[in-house]
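As structure tokens, the structure follows; a few thoughts come after it.
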Number of protein chains: 2
Amino acid sequence: MTLNEDTLIARYFRPLAAACPGAYNLRDDAATITPPEGADLVITTDALIADVHFFADDTPADIAFKALAVNVSDLAAKAATPIAYSLALALPRSTSEDWLHAFAKGLGEAQTLFGIVLSGGDTTVSRSGPLMIAITAFGAVPHGAMVRRGTAEAGDALYVSGTIGDAALGLKLRQEHAHGALPDVARGKLIARFLRPEPRLALRNALRAHASAAMDISDGLAIDCERLCAASGVDGVIDAAKIPFSPSVEALIASGKEFLETVITGGDDYEILAAIRAGEEGAFERAAAACGVGVTRIGTITEGAGRLVIFVDGAPLKLARSGYDHFQI
Amino acid sequence: MTLNEDTLIARYFRPLAAACPGAYNLRDDAATITPPEGADLVITTDALIADVHFFADDTPADIAFKALAVNVSDLAAKAATPIAYSLALALPRSTSEDWLHAFAKGLGEAQTLFGIVLSGGDTTVSRSGPLMIAITAFGAVPHGAMVRRGTAEAGDALYVSGTIGDAALGLKLRQEHAHGALPDVARGKLIARFLRPEPRLALRNALRAHASAAMDISDGLAIDCERLCAASGVDGVIDAAKIPFSPSVEALIASGKEFLETVITGGDDYEILAAIRAGEEGAFERAAAACGVGVTRIGTITEGAGRLVIFVDGAPLKLARSGYDHFQI
């Protein structure tokens, strides 16, 4: 690291805060946010570490994009409108200016897509450690309107947005550089789903209107649905035949039944799992269609004590593990 | 790490969030803060890495206390009232439950002292990295009332709270385990100043009423005063004879003139540096005395272009370096 902190901030991060009046051009010790009147601030924190949450040799732009996207995905699932984010960065000593330039560019691309700006943060150099990125993102909802995780009720319909498992397959492709079975276009799309998740911000009004509970799917559909059920004190029942898959994932599962488990426990989907109030399924589907996001009913919430059952051809699926556990590395 | 993430959170962090209604017992994907009506939210982020910002073998309670204190110190300098904080933690794989227990205890002690609660965060395990703690702290000020860094004006009086250099001397004592020259009581006090900074929250109303600019002193009086001057586009003039020192630091400086530089560039003071509007010095001193915090006038803000001059016996002091630079490690 040949730069000092002030130069690094001026060169790479100040432009990312230009549209945030409360960032004071990153020249103060703190930022301010003036929340919209009557709003609650929704706050989420996700930290990513090299070789746990991403590959150290992913492109810096992809790493930056993903770090911001996974935070904004939490805001989306909570039906919040993004406002700003704070960035804590521990850089390895070997970090180059080229790397920083590309990293800031990736953050900028993500900011523009998600409608969020940098409000502040802290940059440090780690003597020996891996790259670590901790982001705290801020959004707004009308007072009391955050969509919770633990408020699903028996009778709700279980929905997911988009398709499941593309990122898990993308990760496999990212790990095994050669993979002859897929055409290049499909390969590229799947790897992009892993590298650059797309927070489903467009769904937030539909969620606010119709969801009794929601969360984003980050560690795998199975484990995250279990978490929603456990937090709500209800059971979940999913029909595997209803889970929406892309043609590539369909083909993978057709090639071997064991791949169903791979894709529903693989994580990194960043789709939204929502419990939609009974009777409001049609209205939710229309609202989602109106904002261009596909949603699919995959099951139902029932009375229970926090278990999830996934039926395959009428029989409950037994999973070796239900999702990605960052703690077991 | 033998715990899974859910158990770790339940056992050590949930109790720290019990008094934060918007933390939802750390059972949701995000937290909410409902800011006081008409308030701005003040947001600050500070990240600490083992063996850069603290010693990996400091007690876990001290590490936790300091991580929260340095963030709250920024809130104090900005005249904000603490509300809540988000904690991103990258734990080494070898972290024990005893360590976590003590760490949470230290956070709890700091929370109680500072009137702040845990609202959420993210805990990860680092494959090979050092302990890293990134905290984003939230406070409130009346709309537009955050005390800025870059708004000092010519004619303002420069003040500091407390005494300067105790933490720098404490760090020396922490590094050199034997130090015969000081009585044990003084040694303990100085090391405590380094390990457990005391955010000057009590000063916030006095700052809001009388300061045109303020910041906390984290990297050293000299460099931080330079930063305040540079951000404000003014010069600063400090009379070294006026800088308030504890008896231990006085004795150190008396033993060798070179130690003056050590203590004004050593950092970790977490005292407040404030530019007080001309004519309001007396009122500021009375307001500070009323809340039990000593403040001392050390100089003046003058017209200029962002330079700081420290006079010693009438001659400007030349510093080899003006403060601690976390980037040069």
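Naming scheme: A, B, ... for chains in displayed order of the structure tokens; residues 1 onward per chain; ligands 1 onward as shown.
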
Contacts between chain B and chain A, please, where a residue of chain A counts if it comes within 6 Å (with only C-alpha atoms); show its shortest atom pair and distance in Å to one decimal, rows by chain and ascending number, as JSON lines.
{"residue": "A:Asp28", "atom": "CA", "partner": "B:Arg149", "partner_atom": "CA", "distance": 5.5}
{"residue": "A:Ala30", "atom": "CA", "partner": "B:Thr44", "partner_atom": "CA", "distance": 4.6}
{"residue": "A:Ala31", "atom": "CA", "partner": "B:Ile43", "partner_atom": "CA", "distance": 5.1}
{"residue": "A:Thr32", "atom": "CA", "partner": "B:Val42", "partner_atom": "CA", "distance": 4.6}
{"residue": "A:Ile33", "atom": "CA", "partner": "B:Leu41", "partner_atom": "CA", "distance": 5.1}
{"residue": "A:Thr34", "atom": "CA", "partner": "B:Asp40", "partner_atom": "CA", "distance": 4.7}
{"residue": "A:Asp40", "atom": "CA", "partner": "B:Thr34", "partner_atom": "CA", "distance": 4.7}
{"residue": "A:Leu41", "atom": "CA", "partner": "B:Ile33", "partner_atom": "CA", "distance": 5.1}
{"residue": "A:Val42", "atom": "CA", "partner": "B:Thr32", "partner_atom": "CA", "distance": 4.6}
{"residue": "A:Ile43", "atom": "CA", "partner": "B:Ala31", "partner_atom": "CA", "distance": 5.1}
{"residue": "A:Thr44", "atom": "CA", "partner": "B:Ala30", "partner_atom": "CA", "distance": 4.6}
{"residue": "A:Thr45", "atom": "CA", "partner": "B:Gly121", "partner_atom": "CA", "distance": 5.1}
{"residue": "A:Asp46", "atom": "CA", "partner": "B:Asp122", "partner_atom": "CA", "distance": 5.6}
{"residue": "A:Gly121", "atom": "CA", "partner": "B:Thr45", "partner_atom": "CA", "distance": 5.1}
{"residue": "A:Asp122", "atom": "CA", "partner": "B:Asp46", "partner_atom": "CA", "distance": 5.6}
{"residue": "A:Val125", "atom": "CA", "partner": "B:Phe327", "partner_atom": "CA", "distance": 5.6}
{"residue": "A:Gly129", "atom": "CA", "partner": "B:Gly129", "partner_atom": "CA", "distance": 4.4}
{"residue": "A:Pro130", "atom": "CA", "partner": "B:Gly129", "partner_atom": "CA", "distance": 5.8}
{"residue": "A:Arg149", "atom": "CA", "partner": "B:Asp28", "partner_atom": "CA", "distance": 5.5}
{"residue": "A:Phe327", "atom": "CA", "partner": "B:Val125", "partner_atom": "CA", "distance": 5.6}

Requested write-out: N, CA, C and O atoms of the selected residues, as a CSV table (one decimal), in the first residue's frame:
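Written file, again.csv:
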chain,number,residue,atom,x,y,z
A,28,ASP,N,-15.7,14.4,7.1
A,28,ASP,CA,-16.1,14.5,8.5
A,28,ASP,C,-15.9,13.2,9.2
A,28,ASP,O,-15.5,12.2,8.6
A,30,ALA,N,-18.3,11.7,10.8
A,30,ALA,CA,-19.6,10.9,10.8
A,30,ALA,C,-20.4,11.4,9.7
A,30,ALA,O,-20.1,12.5,9.1
A,31,ALA,N,-21.4,10.7,9.3
A,31,ALA,CA,-22.4,11.1,8.3
A,31,ALA,C,-23.7,11.4,9.0
A,31,ALA,O,-23.9,11.0,10.1
A,32,THR,N,-24.6,12.0,8.3
A,32,THR,CA,-26.0,12.2,8.8
A,32,THR,C,-26.9,11.7,7.8
A,32,THR,O,-26.7,11.8,6.6
A,33,ILE,N,-28.0,11.1,8.3
A,33,ILE,CA,-29.2,10.7,7.4
A,33,ILE,C,-30.4,11.4,8.1
A,33,ILE,O,-30.6,11.3,9.3
A,34,THR,N,-31.1,12.1,7.3
A,34,THR,CA,-32.4,12.7,7.7
A,34,THR,C,-33.5,11.8,7.2
A,34,THR,O,-33.8,11.8,6.0
A,40,ASP,N,-39.3,4.5,9.4
A,40,ASP,CA,-38.3,3.8,10.2
A,40,ASP,C,-37.1,3.6,9.3
A,40,ASP,O,-37.2,3.4,8.1
A,41,LEU,N,-35.9,3.7,10.0
A,41,LEU,CA,-34.7,3.3,9.2
A,41,LEU,C,-34.5,1.8,9.4
A,41,LEU,O,-34.6,1.3,10.5
A,42,VAL,N,-34.3,1.1,8.3
A,42,VAL,CA,-34.0,-0.3,8.3
A,42,VAL,C,-32.5,-0.5,8.1
A,42,VAL,O,-31.9,0.1,7.2
A,43,ILE,N,-31.9,-1.3,9.0
A,43,ILE,CA,-30.4,-1.3,9.0
A,43,ILE,C,-30.0,-2.8,8.9
A,43,ILE,O,-30.5,-3.6,9.7
A,44,THR,N,-29.1,-3.1,8.0
A,44,THR,CA,-28.6,-4.5,7.9
A,44,THR,C,-27.1,-4.4,7.7
A,44,THR,O,-26.6,-3.5,7.1
A,45,THR,N,-26.5,-5.5,8.2
A,45,THR,CA,-25.0,-5.6,8.2
A,45,THR,C,-24.6,-6.9,7.6
A,45,THR,O,-25.1,-7.9,8.1
A,46,ASP,N,-23.8,-6.9,6.6
A,46,ASP,CA,-23.2,-8.2,6.1
A,46,ASP,C,-21.7,-8.0,5.9
A,46,ASP,O,-21.3,-7.1,5.2
A,121,GLY,N,-17.5,5.5,6.2
A,121,GLY,CA,-16.9,4.2,6.5
A,121,GLY,C,-15.5,4.3,7.1
A,121,GLY,O,-15.2,5.3,7.6
A,122,ASP,N,-14.7,3.3,6.9
A,122,ASP,CA,-13.4,3.2,7.5
A,122,ASP,C,-12.5,2.3,6.7
A,122,ASP,O,-13.0,1.2,6.4
A,125,VAL,N,-5.6,-1.1,6.9
A,125,VAL,CA,-4.7,-2.1,6.2
A,125,VAL,C,-4.4,-3.2,7.2
A,125,VAL,O,-4.1,-2.9,8.3
A,129,GLY,N,-3.9,-10.2,7.2
A,129,GLY,CA,-5.2,-10.8,7.0
A,129,GLY,C,-5.7,-10.8,5.6
A,129,GLY,O,-5.1,-10.1,4.7
A,130,PRO,N,-6.7,-11.5,5.3
A,130,PRO,CA,-7.4,-11.5,4.0
A,130,PRO,C,-8.2,-10.2,3.9
A,130,PRO,O,-8.5,-9.5,4.8
A,149,ARG,N,-39.3,-11.4,9.6
A,149,ARG,CA,-39.0,-12.8,9.3
A,149,ARG,C,-39.9,-13.8,10.1
A,149,ARG,O,-40.3,-14.8,9.6
A,327,PHE,N,-19.7,-21.0,9.2
A,327,PHE,CA,-19.0,-21.3,10.4
A,327,PHE,C,-18.1,-22.5,10.2
A,327,PHE,O,-17.2,-22.7,11.0

Applying 10 Å and only C-alpha atoms, which residues near Glu198 (chain A) remain after dropping the ones on its own chain fewer than 3 positions away? List them as a compact mmCIF listing (two decimals) with all heavy atoms, in the first residue's frame.
# COMPACT_ATOMS: atom_id res chain seq x y z
N PHE A 65 -19.35 -5.46 -6.16
CA PHE A 65 -20.75 -5.54 -6.54
C PHE A 65 -21.49 -6.48 -5.58
O PHE A 65 -22.54 -6.15 -5.04
CB PHE A 65 -20.88 -6.04 -7.98
CG PHE A 65 -22.27 -5.94 -8.54
CD1 PHE A 65 -22.61 -4.91 -9.40
CD2 PHE A 65 -23.25 -6.88 -8.21
CE1 PHE A 65 -23.90 -4.80 -9.93
CE2 PHE A 65 -24.53 -6.78 -8.72
CZ PHE A 65 -24.87 -5.75 -9.58
N LYS A 66 -20.90 -7.65 -5.35
CA LYS A 66 -21.57 -8.64 -4.51
C LYS A 66 -21.70 -8.16 -3.06
O LYS A 66 -22.74 -8.35 -2.43
CB LYS A 66 -20.82 -9.98 -4.55
CG LYS A 66 -21.56 -11.08 -3.80
CD LYS A 66 -21.03 -12.44 -4.16
CE LYS A 66 -21.91 -13.54 -3.59
NZ LYS A 66 -21.58 -14.85 -4.14
N ALA A 69 -24.51 -5.84 -3.07
CA ALA A 69 -25.76 -6.50 -3.46
C ALA A 69 -26.34 -7.34 -2.33
O ALA A 69 -27.56 -7.35 -2.12
CB ALA A 69 -25.54 -7.36 -4.70
N VAL A 70 -25.51 -8.06 -1.60
CA VAL A 70 -26.06 -8.94 -0.56
C VAL A 70 -26.69 -8.13 0.57
O VAL A 70 -27.64 -8.57 1.22
CB VAL A 70 -25.02 -9.94 -0.01
CG1 VAL A 70 -24.43 -10.78 -1.15
CG2 VAL A 70 -23.92 -9.27 0.79
N VAL A 72 -28.07 -5.00 0.05
CA VAL A 72 -29.29 -4.41 -0.52
C VAL A 72 -30.38 -5.46 -0.66
O VAL A 72 -31.57 -5.17 -0.53
CB VAL A 72 -28.97 -3.72 -1.86
CG1 VAL A 72 -30.24 -3.27 -2.56
CG2 VAL A 72 -28.05 -2.51 -1.62
N SER A 73 -29.98 -6.72 -0.87
CA SER A 73 -30.95 -7.81 -0.95
C SER A 73 -31.72 -7.94 0.37
O SER A 73 -32.93 -8.21 0.37
CB SER A 73 -30.23 -9.12 -1.29
OG SER A 73 -31.13 -10.19 -1.29
N ALA A 110 -22.91 -0.94 -8.92
CA ALA A 110 -23.96 -1.46 -8.03
C ALA A 110 -24.78 -0.31 -7.46
O ALA A 110 -26.02 -0.39 -7.41
CB ALA A 110 -23.33 -2.29 -6.92
N LEU A 113 -27.33 0.88 -10.01
CA LEU A 113 -28.43 -0.08 -10.18
C LEU A 113 -29.38 -0.09 -9.00
O LEU A 113 -30.58 -0.25 -9.17
CB LEU A 113 -27.85 -1.49 -10.36
CG LEU A 113 -27.48 -1.90 -11.77
CD1 LEU A 113 -26.79 -3.26 -11.75
CD2 LEU A 113 -28.74 -1.97 -12.65
N PHE A 114 -28.84 0.04 -7.79
CA PHE A 114 -29.67 -0.15 -6.59
C PHE A 114 -30.22 1.17 -6.04
O PHE A 114 -31.00 1.15 -5.09
CB PHE A 114 -28.89 -0.86 -5.49
CG PHE A 114 -28.18 -2.13 -5.92
CD1 PHE A 114 -27.03 -2.56 -5.27
CD2 PHE A 114 -28.65 -2.88 -6.99
CE1 PHE A 114 -26.37 -3.72 -5.67
CE2 PHE A 114 -28.00 -4.04 -7.40
CZ PHE A 114 -26.85 -4.46 -6.73
N ALA A 192 -22.55 -15.43 -13.60
CA ALA A 192 -22.97 -14.07 -13.26
C ALA A 192 -23.97 -14.07 -12.11
O ALA A 192 -23.95 -13.19 -11.25
CB ALA A 192 -23.56 -13.37 -14.48
N ARG A 193 -24.84 -15.08 -12.06
CA ARG A 193 -25.79 -15.15 -10.93
C ARG A 193 -25.06 -15.32 -9.61
O ARG A 193 -25.49 -14.83 -8.58
CB ARG A 193 -26.77 -16.33 -11.11
CG ARG A 193 -27.84 -16.17 -12.17
CD ARG A 193 -29.00 -15.24 -11.78
NE ARG A 193 -29.53 -15.35 -10.44
CZ ARG A 193 -30.71 -15.88 -10.12
NH1 ARG A 193 -31.49 -16.39 -11.04
NH2 ARG A 193 -31.14 -15.87 -8.88
N PHE A 194 -23.94 -16.07 -9.65
CA PHE A 194 -23.13 -16.25 -8.44
C PHE A 194 -22.37 -14.97 -8.10
O PHE A 194 -22.31 -14.55 -6.95
CB PHE A 194 -22.15 -17.42 -8.61
CG PHE A 194 -21.14 -17.52 -7.50
CD1 PHE A 194 -21.53 -17.92 -6.24
CD2 PHE A 194 -19.81 -17.19 -7.73
CE1 PHE A 194 -20.60 -17.98 -5.19
CE2 PHE A 194 -18.89 -17.26 -6.69
CZ PHE A 194 -19.29 -17.65 -5.43
N LEU A 195 -21.78 -14.34 -9.11
CA LEU A 195 -20.89 -13.20 -8.86
C LEU A 195 -21.66 -11.91 -8.61
O LEU A 195 -21.22 -11.07 -7.83
CB LEU A 195 -19.95 -12.99 -10.05
CG LEU A 195 -18.91 -14.08 -10.29
CD1 LEU A 195 -18.15 -13.80 -11.59
CD2 LEU A 195 -17.92 -14.16 -9.12
N LEU A 201 -35.38 -5.48 -5.51
CA LEU A 201 -35.95 -4.24 -4.97
C LEU A 201 -37.32 -3.93 -5.56
O LEU A 201 -38.17 -3.35 -4.88
CB LEU A 201 -35.00 -3.07 -5.26
CG LEU A 201 -33.76 -3.01 -4.37
CD1 LEU A 201 -32.76 -2.00 -4.92
CD2 LEU A 201 -34.15 -2.63 -2.94
N ASP A 269 -28.58 -17.46 -3.81
CA ASP A 269 -29.65 -17.12 -4.74
C ASP A 269 -29.99 -15.64 -4.70
O ASP A 269 -30.23 -15.02 -5.72
CB ASP A 269 -30.93 -17.93 -4.42
CG ASP A 269 -30.74 -19.41 -4.67
OD1 ASP A 269 -30.43 -19.77 -5.81
OD2 ASP A 269 -30.89 -20.21 -3.72
N TYR A 270 -30.08 -15.12 -3.49
CA TYR A 270 -30.56 -13.74 -3.29
C TYR A 270 -31.89 -13.49 -3.99
O TYR A 270 -32.15 -12.43 -4.53
CB TYR A 270 -29.47 -12.72 -3.65
CG TYR A 270 -28.31 -12.92 -2.68
CD1 TYR A 270 -27.16 -13.60 -3.07
CD2 TYR A 270 -28.44 -12.52 -1.35
CE1 TYR A 270 -26.15 -13.86 -2.16
CE2 TYR A 270 -27.43 -12.78 -0.45
CZ TYR A 270 -26.29 -13.44 -0.86
OH TYR A 270 -25.31 -13.71 0.05
N GLU A 271 -32.72 -14.54 -4.00
CA GLU A 271 -34.13 -14.37 -4.34
C GLU A 271 -34.88 -14.13 -3.04
O GLU A 271 -34.32 -14.25 -1.94
CB GLU A 271 -34.66 -15.63 -5.05
CG GLU A 271 -34.03 -15.91 -6.40
CD GLU A 271 -34.38 -14.86 -7.47
OE1 GLU A 271 -35.23 -13.98 -7.19
OE2 GLU A 271 -33.79 -14.91 -8.56

- Picked from region 178-327 of chain A by DSSP as strand (DSSP E), as a PyMOL selection string: chain A and resi 211-216+234-239+272-276+295-303+308-312+315-316

- Item | Atom pair CA of Val234 (chain B) / CA of Ala274 (chain B): separation (Å) | 13.7 Å

- Spatial neighbours of Glu250 (chain A), 12 Å, only C-alpha atoms, chain gap at least 6 places, as a PyMOL selection string: chain A and resi 163-166+169+240-244+256-257+259-260+263

- Message: With distances taken over only C-alpha atoms, which residue among A:Ser212, A:Thr112, A:Ser218, A:Thr265 lies nearest Gly323 (chain A)?
- Response: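 Looking at the shortest contact to Gly323 (chain A), the residue is A:Thr265.
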
- Quick one: DSSP helix (DSSP H, G or I) residues in region 94-305 of chain A, as a ChimeraX atom specification? /A:97-114,166-175,184-195,201-210,221-232,240-242,247-255,258-265,281-290

- All residues 9 Å or closer to Gly108 (chain B), only C-alpha atoms, same chain fewer than 3 positions away omitted, as a ChimeraX atom specification: /B:15-16,64-65,103-105,111-113,117

- Compile the contact shell of region 284-287 of chain B as a count of residues only: residues with an atom at most 12 Å away, counting only C-alpha atoms, same-chain residues fewer than 3 positions apart removed. 32

- Item | Length of the CA of Leu252 (chain A) to CA of Asp219 (chain A) vector [Å] |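 Separating CA of Leu252 (chain A) from CA of Asp219 (chain A) is a distance of 20.0 Å.
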